[in-house]
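Enquirer: Supplied in structure tokens, the structure appears directly below.
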Amino acid sequence: MTPSKKRIIINIALILFFIISGSLYILLSENSNISLISGYISGGVGVALIQLYQNIKIQKNENYKNKVQAENDERNKFINAKSIEITTTILFIITAIFSLVCIFLGKEEYTFVAAGIILLYSIIWLITRTILNKKY
Amino acid sequence: MKNRIEELRNLQNLTQEDFANLMQVSRQTISSLENGKYNPSIFLAYKISKFFNLSIEDVFIFEENSEEK
């Protein structure tokens, strides 16, 4: 199965998931907030529909497929990975400074949230690194 | 790492756009490679060398002291 076919199946599954889960919530919840849930459904379905359209176009149009492939070439992947790396570092520094400032201002609850984010990130990073270390 | 991509591409009378299409990468990637701003993966280096019917060493000039960017 080609990658674009796989993505088409995932997109259809996502559309069904958003519609079914949203509908079930509306049906089962007594105090359901219809506008919030409809936003959740339409947002999810909308994104999945756009991706579905793009993947079908890739399947049918060879020129478009080549264009998308060129846009996602190894240099662009490298740039994406590098920018994520730099963004994460900056975000970490901002979070650390924010948590320190909150301690001095006596807002311990914000410090706990910031520390929790850093801790969660570190745990996910450690797990991901361990998996990739075994994989490569 | 220096390379001879621009020289070899000009010998074949190919524009950056044409060569990018043949290599299935973006034109910016070819431009960055030619300017030495980006070092290709071994797969792309092989693909480029194969296109010019040369070995990787003939297209890409490895420098001992060059730092990875």
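Just remember, in the structure tokens the first chain shown is A, the second B, etc., residues are 1-based per chain, and ligands are 1-based in the order shown.
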With a distance cut-off of 8 Å and only C-alpha atoms, select the neighbouring residues of Met1 (chain B), excluding the residue or stretch itself and same-chain residues fewer than 5 positions from it, and output the selection as a count of residues only.
Expert: 7
Enquirer: Starting from chain A, keep only residues with some atom at most 7 Å from an atom of chain B, counting only C-alpha atoms, and report them as an MDAnalysis selection string.
Expert: chainID A and resid 66 69:71 73 75
Enquirer: Do a neighbour search on Ile15 (chain A) at 9 Å with only C-alpha atoms, toss out local chain neighbours closer than 4 positions, and write the hits as a PyMOL selection string.
Expert: chain A and resi 10-11+19-20+41+44-49
Enquirer: Record the distance separating CA of Lys6 (chain A) and CA of Thr128 (chain A), expressed in Å with one decimal.
Expert: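 Between CA of Lys6 (chain A) and CA of Thr128 (chain A) the gap is 23.5 Å.
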Enquirer: So, with only C-alpha atoms as the atoms that count, which of B:Leu11, B:Ile5, B:Val59, B:Ile42 lies closest to Glu74 (chain A)?
Expert: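 Of the candidates, the smallest distance to Glu74 (chain A) is held by B:Ile42.
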Enquirer: Between CA of Ile93 (chain A) and CA of Leu132 (chain A), measure the distance and give it in Å to one decimal.
Expert: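 Result for CA of Ile93 (chain A) versus CA of Leu132 (chain A): 25.1 Å, one decimal.
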Enquirer: What is the CA of Ala45 (chain B)-CA of Asp58 (chain B) distance in Å, reported with one decimal?
Expert: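 That distance, rounded to one decimal, is 10.8 Å.
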Enquirer: I'd like the neighbourhood of Ile34 (chain A) as a ChimeraX atom specification, where a residue qualifies if any of its atoms comes within 10 Å (using only C-alpha atoms), though same-chain residues fewer than 6 positions away should be ignored.
Expert: /A:22-23,25-26,40
Enquirer: Could you pull the residues within 10 Å of region 7-9 of chain A, counting only C-alpha atoms, minus those fewer than 2 positions along the same chain, as a VMD selection string?
Expert: chain A and resid 2 to 5 11 to 15 48 to 49 51 to 56 59
Enquirer: For the residues selected in the previous step, produce a file with C-alpha atoms as a tab-separated table (two decimals), in the first residue's frame.
Expert:
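Once written, result.tsv looks like this:
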chain	number	residue	atom	x	y	z
A	2	THR	CA	1.38	3.41	-0.99
A	3	PRO	CA	1.89	6.09	1.72
A	4	SER	CA	-0.78	8.34	0.18
A	5	LYS	CA	-3.31	5.46	0.23
A	11	ASN	CA	-8.13	10.70	7.01
A	12	ILE	CA	-11.40	8.79	6.49
A	13	ALA	CA	-10.96	7.12	9.90
A	14	LEU	CA	-10.36	10.55	11.49
A	15	ILE	CA	-13.51	12.01	9.88
A	48	ALA	CA	-9.22	15.83	7.87
A	49	LEU	CA	-11.22	16.80	4.74
A	51	GLN	CA	-5.84	16.51	4.05
A	52	LEU	CA	-8.08	13.93	2.34
A	53	TYR	CA	-8.47	16.23	-0.67
A	54	GLN	CA	-4.70	16.76	-0.83
A	55	ASN	CA	-3.98	13.02	-0.64
A	56	ILE	CA	-6.55	12.17	-3.34
A	59	GLN	CA	-2.90	9.94	-6.05
Enquirer: Run DSSP on the backbone and give me the residues of chain B it puts in strand (DSSP E or B), as a ChimeraX atom specification.
Expert: /B:2-3,60-61
Enquirer: Show which residues sit within 12 Å of Phe112 (chain A), as a PyMOL selection string. Count only C-alpha atoms, and ignore same-chain residues fewer than 2 positions away.
Expert: chain A and resi 95-96+98-100+102-103+106-110+114-120
